[in-house]
2 protein chains.
Amino acid sequence: MKDVEKVYRHIDDNIESHIGKMQRLLRQPSVSQTGEGMEEIVVLLKEWLEELGCGLVEAVKPEFYWPIVYGEYDAGAEKTVIIYGMYDVQPVEERLWEVPPFEARLVERLPFKKVVMCRGATNTKGPMAASLNALESIQQAAGELPVNVLFVLEGEEEMGSRSMPGFVERYKDKLSRADGVYFPIGSQDQNGLARPMLGSEGLVYIELETSGRSWGRGPTEFGVHGAYKRILDSPAWRHVEMLSTLVSDGGNEINVEGWYDDIAVPTDEDRELLEKGYRESIPAAEVFDPGLIKESMKVRHFKWDMEEPAEILSELIFSTSFNLDGIWGGWTGPGTKTFLPTKVTSKHNIRFVPRQSMEGLTRKIREHLDRHGYEDVELRKLAGYSWGLGRHRDPVAEALYDAFEEFGCRYSINPPVGAFQFNSPAWPAYVFLDEPLSLPIVGGSLGHGALAHSPNEYYVIEGCDARYGVVHGLAGAEKSMASFLYHFASR
Amino acid sequence: MKDVEKVYRHIDDNIESHIGKMQRLLRQPSVSQTGEGMEEIVVLLKEWLEELGCGLVEAVKPEFYWPIVYGEYDAGAEKTVIIYGMYDVQPVEERLWEVPPFEARLVERLPFKKVVMCRGATNTKGPMAASLNALESIQQAAGELPVNVLFVLEGEEEMGSRSMPGFVERYKDKLSRADGVYFPIGSQDQNGLARPMLGSEGLVYIELETSGRSWGRGPTEFGVHGAYKRILDSPAWRHVEMLSTLVSDGGNEINVEGWYDDIAVPTDEDRELLEKGYRESIPAAEVFDPGLIKESMKVRHFKWDMEEPAEILSELIFSTSFNLDGIWGGWTGPGTKTFLPTKVTSKHNIRFVPRQSMEGLTRKIREHLDRHGYEDVELRKLAGYSWGLGRHRDPVAEALYDAFEEFGCRYSINPPVGAFQFNSPAWPAYVFLDEPLSLPIVGGSLGHGALAHSPNEYYVIEGCDARYGVVHGLAGAEKSMASFLYHFASR
């Protein structure tokens, strides 16, 4: 029996224990934005890397918020892979969950007999645990890993990975030994089609705040009785007016001057990949099913009443957006407190594409505000990544296609910036792709999860048959991760 | 010694115990919008009315939220006064208070040696307690009250007094025995000038809500990952756009069609009173000091950069306003959750004047929304009063001027709809003024408080000299209430 087959059997034979190890990780809350459970999960991860036999394991002190768990595993192999992972998750809104959000309960969610429902299940503690389980099975069934591994597990992904660039700079000598970067995440949608992740869109997250204090008008220090609106200006209404200058058509058009100027996608290569595919992949344009999005997100219409799948797909991959994530100010409790607030704040995540830049867009927003007389409105940048462009012919990517083909899994390749994988996160691919590392990257595996950032997030434990073949559960996910490493080692 | 002088001495001799009784009432939280302490305060008030010797005391079951404490005191007198009071208060924002907001702490607040700082201190549990103290001193020093009293103490004033009209209808036979209505509240500003309250502006409080569910676009049931803004409409941006159609110039111009049509103030009589005054009053236009508002509310500019006191006063008294009291939706916690919300809600208190009507304005807002394509935006009316127009020559009002003049207190009479007394609430004057009761009303007394609805609300216990004479403390307030009742009895 070949090594890799022993590994697959070991995974099958030990799947119950693997589920347990994954649940242990999921049950430990790790909400970077509130700090809940962050210290505890770092301890858990360090223990796990030590058990795997890493020669070096450290929690690297972050420049900003939370440590990067860094580990080195030397298999004496020719090739080295960086496994990138994120151990932090988004906050939860308890009352909208069908199960306690950190219980990692195994439930039926048709068509799946068994999923684990938990914040972080698919994004991305579930797949990260699967990769660690896979490595353990390789060690125990085959004796040694086919590649050396450097683990880079960060705890600030949901806050914009601000400590990552500095970490890469400080660890560049160690990290540059690698031949490629792998991000374990479920690639299959609920039809069974897999989509490897070859890059990342750009993301910048800002807050805008209008206050009497900085405006110098209306109540400047505290909110006052609402009846004074008769003679006082309102910072709250000013915030609404300011926001209404930024976009139109319900946020579908961005009115910031020069916003769209630097967009350089799609390229001819992007379009070719989209329309013709590569290797055995199904062209993305052929398989894109807007109905899946409608169904999973309870959506009846797309913006502009788009109905052509190709147009929707193109917007999903290549367009830029200026979202209103949240807004608050004044009296937000029950009843009828009459109140003239001194401040309103809103949150905005902005998605951008090559060759727009984070600094350029932030500057253009500032200039827009100033030009429209809102010099006093505060713009706070909370987080941001640049976009990252992998190449669909890189060896790490080819090794993942090898794994998909080995398991008969149909796959479709989005153009690199189309990292937006329906339920996978933007991620700091650029820190690996750009100088000084210039490493190829890929993300993906068999397996499926959904509802990242939403209530009832889940990751499939027991798969089922679907339109494009099997939607794999945890065992399939782990096997494909092992397969990827063997294929990469032999390329 | 005349009866009334014995009463004044009794008040002075018992002021410490009167302070204690007032603190007992203030320390009992009574937040109608959350329900905190509402049952307990009803018990306290019933006990107090029973101690005063009311023949009938009942907590009248409300149509909407909280009981009306009703009491009848028969002094065998010729005249009968309804004492209207409100026992509910606004919610508090703990962290902005210098003292615990329900401790009723006695503190120095220059120029006042002693104030009681507490939610409800001035609006209006403090003055209500003062009136009950005054009645007790009359009984103990003079033997009997000069008037019969009907107590109408409601617990929904801060929620729009919704149960009051039905109560008046059911109790009209009892209430119509009265010759006038009195609302105990501090009339003096910090310069020592008193302003009797002769009516009330109109108030309507609404919520507006934009949701994917009712719009049928964007995420319809729950918020989704913020990256989907690329292909989905945003109910949150739609709410901002909808709000921005309602007003312009930072909320200073109301764009709702026909909004200003029915305004019939100021009348010639209003202008005459404003400019020339009545009896010994100082004309309102002469004494209005915008600097006081600026100082107490930390305001540097009025809307439109108004600087003429007459113009500011006119806007304060006769203008209508559409305020943005609060707004919320989406992710409002810390950090960078990327989220496309399914719903945003905002709260609005609207002040209106004769002959605008609550029903008319609410209908015009609805029509505006419909006409601008926002048929799906939900408009919820939470509360509302009509305006109430007292007459400045009514006997109850004359009796209050008598009391002011007796104590050498300078006063200024705003036109009736100018009930907006710098720190006093809108109140349901209309339920007494209108059919079926058609009773004259007045509100006021010596004494001063400020910061109603704001942190560190206070009511003066020990007064001081000021520009227009003495700013009276609690003893002066109580004496003026007793004086008012004697003057009213003898008119």
# chains A, B, ... in the order shown; residues from 1 in each chain; ligands from 1
$ interface_residues --of "chain A" --to "chain B" --cutoff "6 Å" --atoms "only C-alpha atoms" --output "MDAnalysis selection string"
chainID A and resid 33 159 217 219:220 224:225 230:234 237:238 240:241 244 250:251 298:299 301:303 316 321 325:332 335:336 339:340 453:454
$ select_by_dssp --residues "region 201-396 of chain A" --states "strand (DSSP E or B)" --output "short mmCIF file (atom, residue, chain, number, x, y, z; two decimals) with all heavy atoms, in the first residue's frame"
data_model
loop_
_atom_site.label_atom_id
_atom_site.label_comp_id
_atom_site.auth_asym_id
_atom_site.auth_seq_id
_atom_site.Cartn_x
_atom_site.Cartn_y
_atom_site.Cartn_z
N GLY A 202 -8.69 43.46 -2.19
CA GLY A 202 -8.23 44.42 -1.19
C GLY A 202 -9.38 44.83 -0.29
O GLY A 202 -10.54 44.81 -0.69
N LEU A 203 -9.03 45.15 0.94
CA LEU A 203 -10.06 45.52 1.91
C LEU A 203 -9.54 46.68 2.75
O LEU A 203 -8.41 46.66 3.22
CB LEU A 203 -10.33 44.33 2.83
CG LEU A 203 -11.11 44.61 4.12
CD1 LEU A 203 -12.53 45.04 3.82
CD2 LEU A 203 -11.12 43.38 5.03
N VAL A 204 -10.37 47.71 2.92
CA VAL A 204 -10.05 48.72 3.92
C VAL A 204 -11.31 48.97 4.74
O VAL A 204 -12.42 48.95 4.21
CB VAL A 204 -9.44 50.01 3.29
CG1 VAL A 204 -10.38 50.65 2.31
CG2 VAL A 204 -9.07 51.01 4.37
N TYR A 205 -11.12 49.11 6.03
CA TYR A 205 -12.24 49.26 6.95
C TYR A 205 -12.09 50.58 7.67
O TYR A 205 -11.07 50.83 8.31
CB TYR A 205 -12.25 48.10 7.95
CG TYR A 205 -13.60 47.86 8.60
CD1 TYR A 205 -14.37 46.75 8.25
CD2 TYR A 205 -14.11 48.71 9.57
CE1 TYR A 205 -15.60 46.50 8.84
CE2 TYR A 205 -15.35 48.46 10.16
CZ TYR A 205 -16.08 47.36 9.79
OH TYR A 205 -17.31 47.12 10.37
N ILE A 206 -13.10 51.44 7.54
CA ILE A 206 -12.99 52.76 8.16
C ILE A 206 -14.20 53.06 9.05
O ILE A 206 -15.25 52.42 8.94
CB ILE A 206 -12.90 53.89 7.10
CG1 ILE A 206 -14.17 53.93 6.24
CG2 ILE A 206 -11.65 53.73 6.25
CD1 ILE A 206 -14.24 55.15 5.33
N GLU A 207 -14.00 54.01 9.93
CA GLU A 207 -15.12 54.61 10.64
C GLU A 207 -15.20 56.08 10.26
O GLU A 207 -14.17 56.74 10.12
CB GLU A 207 -14.94 54.51 12.16
CG GLU A 207 -15.36 53.17 12.74
CD GLU A 207 -15.20 53.09 14.24
OE1 GLU A 207 -14.80 54.09 14.87
OE2 GLU A 207 -15.45 52.01 14.78
N LEU A 208 -16.41 56.58 10.10
CA LEU A 208 -16.65 58.01 9.90
C LEU A 208 -17.43 58.52 11.10
O LEU A 208 -18.35 57.85 11.57
CB LEU A 208 -17.44 58.25 8.61
CG LEU A 208 -16.72 57.86 7.32
CD1 LEU A 208 -17.67 57.98 6.13
CD2 LEU A 208 -15.48 58.73 7.10
N GLU A 209 -17.04 59.68 11.57
CA GLU A 209 -17.72 60.22 12.75
C GLU A 209 -17.95 61.71 12.61
O GLU A 209 -17.03 62.46 12.30
CB GLU A 209 -16.88 59.94 13.99
CG GLU A 209 -17.58 60.28 15.28
CD GLU A 209 -16.82 59.70 16.46
OE1 GLU A 209 -16.95 58.48 16.70
OE2 GLU A 209 -16.08 60.45 17.11
N THR A 210 -19.19 62.12 12.82
CA THR A 210 -19.54 63.54 12.82
C THR A 210 -19.89 63.92 14.25
O THR A 210 -20.73 63.27 14.87
CB THR A 210 -20.75 63.79 11.91
OG1 THR A 210 -20.45 63.30 10.60
CG2 THR A 210 -21.05 65.29 11.83
N SER A 211 -19.24 64.94 14.76
CA SER A 211 -19.52 65.33 16.15
C SER A 211 -19.59 66.84 16.28
O SER A 211 -18.94 67.58 15.54
CB SER A 211 -18.43 64.79 17.08
OG SER A 211 -17.21 65.47 16.85
N PRO A 219 -24.83 70.88 19.74
CA PRO A 219 -24.28 70.64 21.07
C PRO A 219 -22.87 70.06 20.93
O PRO A 219 -22.68 69.08 20.23
CB PRO A 219 -25.25 69.62 21.69
CG PRO A 219 -26.00 69.03 20.55
CD PRO A 219 -25.95 69.99 19.41
N VAL A 224 -28.40 67.08 24.08
CA VAL A 224 -29.32 67.91 24.86
C VAL A 224 -30.77 67.56 24.50
O VAL A 224 -31.02 66.71 23.63
CB VAL A 224 -29.06 69.42 24.61
CG1 VAL A 224 -27.63 69.78 25.01
CG2 VAL A 224 -29.33 69.80 23.16
N HIS A 225 -31.69 68.22 25.17
CA HIS A 225 -33.11 67.97 24.94
C HIS A 225 -33.44 68.17 23.45
O HIS A 225 -33.01 69.14 22.83
CB HIS A 225 -33.91 68.95 25.80
CG HIS A 225 -35.36 68.60 25.93
ND1 HIS A 225 -36.23 68.60 24.86
CD2 HIS A 225 -36.09 68.23 27.00
CE1 HIS A 225 -37.44 68.24 25.27
NE2 HIS A 225 -37.37 68.02 26.59
N VAL A 247 -22.38 58.03 -1.76
CA VAL A 247 -22.87 57.02 -2.69
C VAL A 247 -24.22 57.46 -3.23
O VAL A 247 -24.84 58.38 -2.71
CB VAL A 247 -23.06 55.64 -1.99
CG1 VAL A 247 -21.75 55.14 -1.42
CG2 VAL A 247 -24.12 55.74 -0.91
N SER A 248 -24.65 56.78 -4.27
CA SER A 248 -26.04 56.95 -4.68
C SER A 248 -26.57 55.59 -5.10
O SER A 248 -25.84 54.59 -5.03
CB SER A 248 -26.17 58.01 -5.79
OG SER A 248 -25.27 57.76 -6.83
N GLU A 253 -23.62 53.02 -6.49
CA GLU A 253 -22.68 53.89 -7.19
C GLU A 253 -21.88 54.67 -6.15
O GLU A 253 -22.46 55.26 -5.24
CB GLU A 253 -23.43 54.90 -8.09
CG GLU A 253 -24.11 54.28 -9.29
CD GLU A 253 -23.14 53.65 -10.29
OE1 GLU A 253 -21.95 54.05 -10.31
OE2 GLU A 253 -23.59 52.76 -11.03
N ILE A 254 -20.59 54.67 -6.31
CA ILE A 254 -19.73 55.38 -5.37
C ILE A 254 -19.38 56.73 -5.97
O ILE A 254 -18.88 56.81 -7.10
CB ILE A 254 -18.46 54.56 -5.07
CG1 ILE A 254 -18.87 53.20 -4.49
CG2 ILE A 254 -17.54 55.31 -4.11
CD1 ILE A 254 -17.77 52.17 -4.49
N VAL A 299 -32.07 36.17 -0.50
CA VAL A 299 -32.03 37.35 -1.35
C VAL A 299 -32.96 37.10 -2.52
O VAL A 299 -32.99 36.00 -3.07
CB VAL A 299 -30.58 37.56 -1.85
CG1 VAL A 299 -30.55 38.47 -3.05
CG2 VAL A 299 -29.70 38.08 -0.72
N SER A 321 -16.59 47.99 -3.80
CA SER A 321 -17.80 48.33 -3.05
C SER A 321 -17.48 49.17 -1.83
O SER A 321 -16.39 49.09 -1.27
CB SER A 321 -18.57 47.07 -2.64
OG SER A 321 -17.78 46.28 -1.78
N PHE A 322 -18.46 49.98 -1.45
CA PHE A 322 -18.34 50.88 -0.28
C PHE A 322 -19.57 50.56 0.58
O PHE A 322 -20.65 51.06 0.32
CB PHE A 322 -18.36 52.33 -0.75
CG PHE A 322 -17.95 53.36 0.27
CD1 PHE A 322 -17.22 54.48 -0.11
CD2 PHE A 322 -18.26 53.23 1.62
CE1 PHE A 322 -16.81 55.44 0.80
CE2 PHE A 322 -17.86 54.17 2.54
CZ PHE A 322 -17.14 55.29 2.13
N GLY A 326 -22.42 49.45 9.70
CA GLY A 326 -23.15 49.73 10.93
C GLY A 326 -23.20 51.23 11.15
O GLY A 326 -22.35 51.98 10.65
N ILE A 327 -24.19 51.67 11.90
CA ILE A 327 -24.33 53.11 12.20
C ILE A 327 -25.00 53.22 13.56
O ILE A 327 -25.88 52.44 13.89
CB ILE A 327 -25.13 53.83 11.09
CG1 ILE A 327 -25.19 55.35 11.36
CG2 ILE A 327 -26.53 53.24 10.93
CD1 ILE A 327 -25.69 56.15 10.17
N TRP A 328 -24.55 54.19 14.33
CA TRP A 328 -25.19 54.39 15.63
C TRP A 328 -24.92 55.79 16.15
O TRP A 328 -23.91 56.41 15.83
CB TRP A 328 -24.70 53.36 16.65
CG TRP A 328 -23.29 53.54 17.10
CD1 TRP A 328 -22.85 54.16 18.24
CD2 TRP A 328 -22.09 53.13 16.40
NE1 TRP A 328 -21.48 54.13 18.30
CE2 TRP A 328 -20.99 53.53 17.20
CE3 TRP A 328 -21.86 52.47 15.20
CZ2 TRP A 328 -19.67 53.28 16.82
CZ3 TRP A 328 -20.54 52.23 14.82
CH2 TRP A 328 -19.47 52.63 15.63
N GLY A 329 -25.87 56.26 16.96
CA GLY A 329 -25.72 57.56 17.59
C GLY A 329 -27.02 57.96 18.26
O GLY A 329 -28.10 57.52 17.84
N GLY A 330 -26.93 58.76 19.32
CA GLY A 330 -28.11 59.26 20.00
C GLY A 330 -28.80 58.21 20.83
O GLY A 330 -28.17 57.25 21.29
N PHE A 339 -34.01 63.76 22.19
CA PHE A 339 -32.58 63.90 22.38
C PHE A 339 -31.94 64.44 21.11
O PHE A 339 -32.20 63.93 20.02
CB PHE A 339 -32.02 62.50 22.71
CG PHE A 339 -30.61 62.49 23.22
CD1 PHE A 339 -30.31 62.99 24.47
CD2 PHE A 339 -29.60 61.97 22.44
CE1 PHE A 339 -29.01 62.97 24.95
CE2 PHE A 339 -28.29 61.94 22.91
CZ PHE A 339 -28.00 62.45 24.17
N LEU A 340 -31.13 65.45 21.26
CA LEU A 340 -30.36 65.98 20.13
C LEU A 340 -28.91 65.53 20.34
O LEU A 340 -28.20 66.10 21.16
CB LEU A 340 -30.47 67.52 20.11
CG LEU A 340 -29.64 68.30 19.11
CD1 LEU A 340 -29.81 67.78 17.69
CD2 LEU A 340 -30.02 69.78 19.15
N LYS A 343 -23.18 63.31 18.45
CA LYS A 343 -22.25 62.49 17.66
C LYS A 343 -22.97 61.33 16.99
O LYS A 343 -23.84 60.71 17.59
CB LYS A 343 -21.20 61.93 18.63
CG LYS A 343 -20.04 61.26 17.98
CD LYS A 343 -18.91 61.00 18.99
CE LYS A 343 -19.18 59.78 19.83
NZ LYS A 343 -18.04 59.48 20.74
N VAL A 344 -22.60 61.04 15.74
CA VAL A 344 -23.03 59.80 15.08
C VAL A 344 -21.80 59.18 14.42
O VAL A 344 -20.95 59.89 13.89
CB VAL A 344 -24.15 60.03 14.05
CG1 VAL A 344 -24.43 58.77 13.24
CG2 VAL A 344 -25.43 60.48 14.74
N THR A 345 -21.73 57.86 14.45
CA THR A 345 -20.59 57.13 13.89
C THR A 345 -21.10 56.06 12.94
O THR A 345 -22.15 55.47 13.19
CB THR A 345 -19.79 56.46 15.02
OG1 THR A 345 -19.56 57.40 16.06
CG2 THR A 345 -18.45 55.92 14.51
N SER A 346 -20.36 55.82 11.87
CA SER A 346 -20.71 54.70 10.99
C SER A 346 -19.45 53.93 10.61
O SER A 346 -18.35 54.47 10.63
CB SER A 346 -21.45 55.20 9.75
OG SER A 346 -20.72 56.19 9.08
N LYS A 347 -19.67 52.66 10.29
CA LYS A 347 -18.57 51.76 9.93
C LYS A 347 -18.74 51.35 8.47
O LYS A 347 -19.86 51.14 8.01
CB LYS A 347 -18.61 50.50 10.80
CG LYS A 347 -18.13 50.71 12.23
CD LYS A 347 -18.28 49.43 13.03
CE LYS A 347 -17.87 49.64 14.47
NZ LYS A 347 -16.44 49.36 14.69
N HIS A 348 -17.63 51.20 7.79
CA HIS A 348 -17.66 50.93 6.35
C HIS A 348 -16.54 49.99 5.95
O HIS A 348 -15.37 50.29 6.20
CB HIS A 348 -17.50 52.24 5.57
CG HIS A 348 -18.50 53.28 5.96
ND1 HIS A 348 -19.73 53.37 5.37
CD2 HIS A 348 -18.47 54.23 6.91
CE1 HIS A 348 -20.41 54.36 5.93
NE2 HIS A 348 -19.67 54.90 6.88
N ASN A 349 -16.87 48.87 5.32
CA ASN A 349 -15.81 48.08 4.71
C ASN A 349 -15.86 48.31 3.21
O ASN A 349 -16.92 48.33 2.58
CB ASN A 349 -15.86 46.60 5.12
CG ASN A 349 -16.73 45.74 4.26
OD1 ASN A 349 -16.36 45.39 3.14
ND2 ASN A 349 -17.91 45.40 4.78
N ILE A 350 -14.68 48.53 2.69
CA ILE A 350 -14.51 48.88 1.29
C ILE A 350 -13.70 47.77 0.63
O ILE A 350 -12.66 47.38 1.16
CB ILE A 350 -13.77 50.23 1.19
CG1 ILE A 350 -14.72 51.35 1.63
CG2 ILE A 350 -13.24 50.45 -0.22
CD1 ILE A 350 -14.01 52.56 2.14
N ARG A 351 -14.22 47.23 -0.47
CA ARG A 351 -13.50 46.18 -1.21
C ARG A 351 -12.91 46.80 -2.45
O ARG A 351 -13.61 47.55 -3.13
CB ARG A 351 -14.45 45.05 -1.61
CG ARG A 351 -15.25 44.49 -0.47
CD ARG A 351 -14.55 43.36 0.24
NE ARG A 351 -15.01 43.26 1.62
CZ ARG A 351 -14.70 42.28 2.44
NH1 ARG A 351 -13.92 41.29 2.03
NH2 ARG A 351 -15.12 42.28 3.69
N PHE A 352 -11.66 46.50 -2.73
CA PHE A 352 -11.06 47.10 -3.92
C PHE A 352 -10.19 46.10 -4.67
O PHE A 352 -9.86 45.03 -4.16
CB PHE A 352 -10.31 48.39 -3.58
CG PHE A 352 -9.16 48.20 -2.63
CD1 PHE A 352 -7.86 48.06 -3.12
CD2 PHE A 352 -9.36 48.20 -1.26
CE1 PHE A 352 -6.79 47.90 -2.25
CE2 PHE A 352 -8.29 48.05 -0.38
CZ PHE A 352 -7.00 47.89 -0.89
N GLU A 378 -14.54 63.05 11.07
CA GLU A 378 -13.34 62.26 11.35
C GLU A 378 -13.38 60.97 10.55
O GLU A 378 -14.41 60.29 10.49
CB GLU A 378 -13.27 61.95 12.85
CG GLU A 378 -11.92 61.47 13.28
CD GLU A 378 -11.85 61.20 14.78
OE1 GLU A 378 -12.69 61.76 15.54
OE2 GLU A 378 -10.96 60.44 15.20
N LEU A 379 -12.26 60.64 9.91
CA LEU A 379 -12.12 59.39 9.17
C LEU A 379 -11.05 58.58 9.89
O LEU A 379 -9.91 59.01 9.97
CB LEU A 379 -11.70 59.68 7.72
CG LEU A 379 -11.63 58.50 6.74
CD1 LEU A 379 -11.57 59.04 5.31
CD2 LEU A 379 -10.45 57.58 6.96
N ARG A 380 -11.46 57.43 10.43
CA ARG A 380 -10.49 56.58 11.12
C ARG A 380 -10.31 55.29 10.32
O ARG A 380 -11.29 54.60 10.06
CB ARG A 380 -11.00 56.21 12.51
CG ARG A 380 -11.04 57.36 13.49
CD ARG A 380 -11.34 56.88 14.90
NE ARG A 380 -12.70 56.41 15.06
CZ ARG A 380 -13.70 57.16 15.56
NH1 ARG A 380 -13.47 58.40 15.94
NH2 ARG A 380 -14.92 56.66 15.66
N LYS A 381 -9.09 54.99 9.97
CA LYS A 381 -8.83 53.72 9.28
C LYS A 381 -8.58 52.65 10.33
O LYS A 381 -7.65 52.76 11.13
CB LYS A 381 -7.61 53.88 8.37
CG LYS A 381 -7.37 52.65 7.52
CD LYS A 381 -6.14 52.82 6.63
CE LYS A 381 -5.42 51.49 6.54
NZ LYS A 381 -4.04 51.61 6.08
N LEU A 382 -9.42 51.63 10.36
CA LEU A 382 -9.28 50.60 11.39
C LEU A 382 -8.43 49.42 10.92
O LEU A 382 -7.81 48.76 11.73
CB LEU A 382 -10.65 50.07 11.82
CG LEU A 382 -11.65 51.06 12.41
CD1 LEU A 382 -12.82 50.31 13.02
CD2 LEU A 382 -11.00 51.95 13.45
N ALA A 383 -8.48 49.16 9.63
CA ALA A 383 -7.78 47.97 9.15
C ALA A 383 -7.73 48.02 7.64
O ALA A 383 -8.49 48.74 7.00
CB ALA A 383 -8.52 46.70 9.59
N GLY A 384 -6.87 47.23 7.08
CA GLY A 384 -6.83 47.14 5.62
C GLY A 384 -5.80 46.15 5.13
O GLY A 384 -4.80 45.90 5.79
N TYR A 385 -6.11 45.52 4.00
CA TYR A 385 -5.16 44.73 3.23
C TYR A 385 -5.08 45.31 1.84
O TYR A 385 -6.09 45.78 1.33
CB TYR A 385 -5.65 43.33 2.86
CG TYR A 385 -6.23 42.47 3.86
CD1 TYR A 385 -7.53 41.98 3.68
CD2 TYR A 385 -5.50 42.06 4.95
CE1 TYR A 385 -8.07 41.10 4.57
CE2 TYR A 385 -6.06 41.17 5.85
CZ TYR A 385 -7.34 40.71 5.66
OH TYR A 385 -7.88 39.83 6.53
N GLY A 388 -4.10 40.70 -3.38
CA GLY A 388 -2.96 39.85 -3.69
C GLY A 388 -3.29 39.02 -4.92
O GLY A 388 -4.38 38.44 -5.01
N LEU A 389 -2.39 38.99 -5.87
CA LEU A 389 -2.63 38.28 -7.13
C LEU A 389 -1.72 37.07 -7.25
O LEU A 389 -0.54 37.21 -7.60
CB LEU A 389 -2.36 39.21 -8.32
CG LEU A 389 -3.37 40.28 -8.65
CD1 LEU A 389 -2.96 41.01 -9.91
CD2 LEU A 389 -4.75 39.66 -8.82
#
$ closest_residue --among "B:Asp3, B:Asp12, B:Glu51, B:Glu169" --to "Glu435 (chain B)" --atoms "only C-alpha atoms"
B:Glu169
$ residues_around --residues "Glu406 (chain B)" --least-positions-apart "4" --cutoff "9 Å" --atoms "only C-alpha atoms" --output "PyMOL selection string"
chain B and resi 401-402+480+483
$ write_last_selection --atoms "all heavy atoms" --output "short mmCIF file (atom, residue, chain, number, x, y, z; two decimals), in the first residue's frame"
data_model
loop_
_atom_site.label_atom_id
_atom_site.label_comp_id
_atom_site.auth_asym_id
_atom_site.auth_seq_id
_atom_site.Cartn_x
_atom_site.Cartn_y
_atom_site.Cartn_z
N TYR B 401 -48.93 85.07 38.64
CA TYR B 401 -48.24 86.37 38.60
C TYR B 401 -48.32 87.03 39.99
O TYR B 401 -47.36 87.65 40.44
CB TYR B 401 -48.86 87.34 37.58
CG TYR B 401 -49.15 86.77 36.20
CD1 TYR B 401 -50.20 87.28 35.42
CD2 TYR B 401 -48.37 85.76 35.65
CE1 TYR B 401 -50.49 86.79 34.16
CE2 TYR B 401 -48.67 85.25 34.37
CZ TYR B 401 -49.73 85.76 33.64
OH TYR B 401 -50.02 85.27 32.40
N ASP B 402 -49.50 86.90 40.66
CA ASP B 402 -49.64 87.43 42.02
C ASP B 402 -48.52 86.90 42.92
O ASP B 402 -47.90 87.63 43.67
CB ASP B 402 -50.99 87.01 42.64
CG ASP B 402 -52.20 87.66 41.94
OD1 ASP B 402 -52.01 88.66 41.22
OD2 ASP B 402 -53.32 87.14 42.12
N SER B 480 -43.94 79.69 47.16
CA SER B 480 -44.64 80.26 46.00
C SER B 480 -45.81 79.39 45.57
O SER B 480 -46.83 79.88 45.09
CB SER B 480 -43.67 80.47 44.83
OG SER B 480 -43.25 79.23 44.29
N SER B 483 -48.48 80.20 48.05
CA SER B 483 -48.96 81.54 47.71
C SER B 483 -49.92 81.50 46.52
O SER B 483 -50.98 82.12 46.53
CB SER B 483 -47.75 82.44 47.41
OG SER B 483 -48.16 83.64 46.81
#
$ closest_residue --among "B:Lys2, B:Pro428, B:Phe64, B:Ala310" --to "Ala142 (chain B)" --atoms "only C-alpha atoms"
B:Lys2
$ residues_around --residues "region 183-193 of chain B" --least-positions-apart "4" --cutoff "8 Å" --atoms "only C-alpha atoms" --output "ChimeraX atom specification"
/B:83-85,122-124,127-128,131,197,409-412,421,424,441-449,465-472,477,481
$ residues_around --residues "Leu437 (chain A)" --least-positions-apart "3" --cutoff "8 Å" --atoms "only C-alpha atoms" --output "list in words"
Lys172, Leu175, Ser176, Val431, Phe432, Leu433 and Asp434 of chain A
$ closest_residue --among "B:Trp48, B:Leu135, B:Val60, B:Trp66" --to "Lys479 (chain B)" --atoms "only C-alpha atoms"
B:Leu135
$ select_by_dssp --residues "region 372-457 of chain B" --states "alpha helix (DSSP H)" --output "list of chain:residue names"
B:Pro395, B:Val396, B:Ala397, B:Glu398, B:Ala399, B:Leu400, B:Tyr401, B:Asp402, B:Ala403, B:Phe404, B:Glu405, B:Glu406, B:Tyr430, B:Val431, B:Phe432, B:Leu433
$ decode --residues "region 20-35 of chain A" --atoms "C-alpha atoms" --output "short mmCIF file (atom, residue, chain, number, x, y, z; two decimals), in the first residue's frame"
data_model
loop_
_atom_site.label_atom_id
_atom_site.label_comp_id
_atom_site.auth_asym_id
_atom_site.auth_seq_id
_atom_site.Cartn_x
_atom_site.Cartn_y
_atom_site.Cartn_z
CA GLY A 20 -13.25 15.91 18.80
CA LYS A 21 -10.00 17.77 18.28
CA MET A 22 -11.68 20.17 15.91
CA GLN A 23 -14.53 20.75 18.36
CA ARG A 24 -12.01 21.47 21.09
CA LEU A 25 -10.63 24.32 18.98
CA LEU A 26 -14.07 25.61 17.96
CA ARG A 27 -15.41 25.55 21.51
CA GLN A 28 -12.70 27.92 22.58
CA PRO A 29 -14.15 31.34 21.68
CA SER A 30 -11.55 33.57 20.04
CA VAL A 31 -13.12 36.88 19.15
CA SER A 32 -10.27 39.22 18.26
CA GLN A 33 -12.45 42.32 18.31
CA THR A 34 -13.52 41.82 21.93
CA GLY A 35 -10.57 39.78 23.18
#
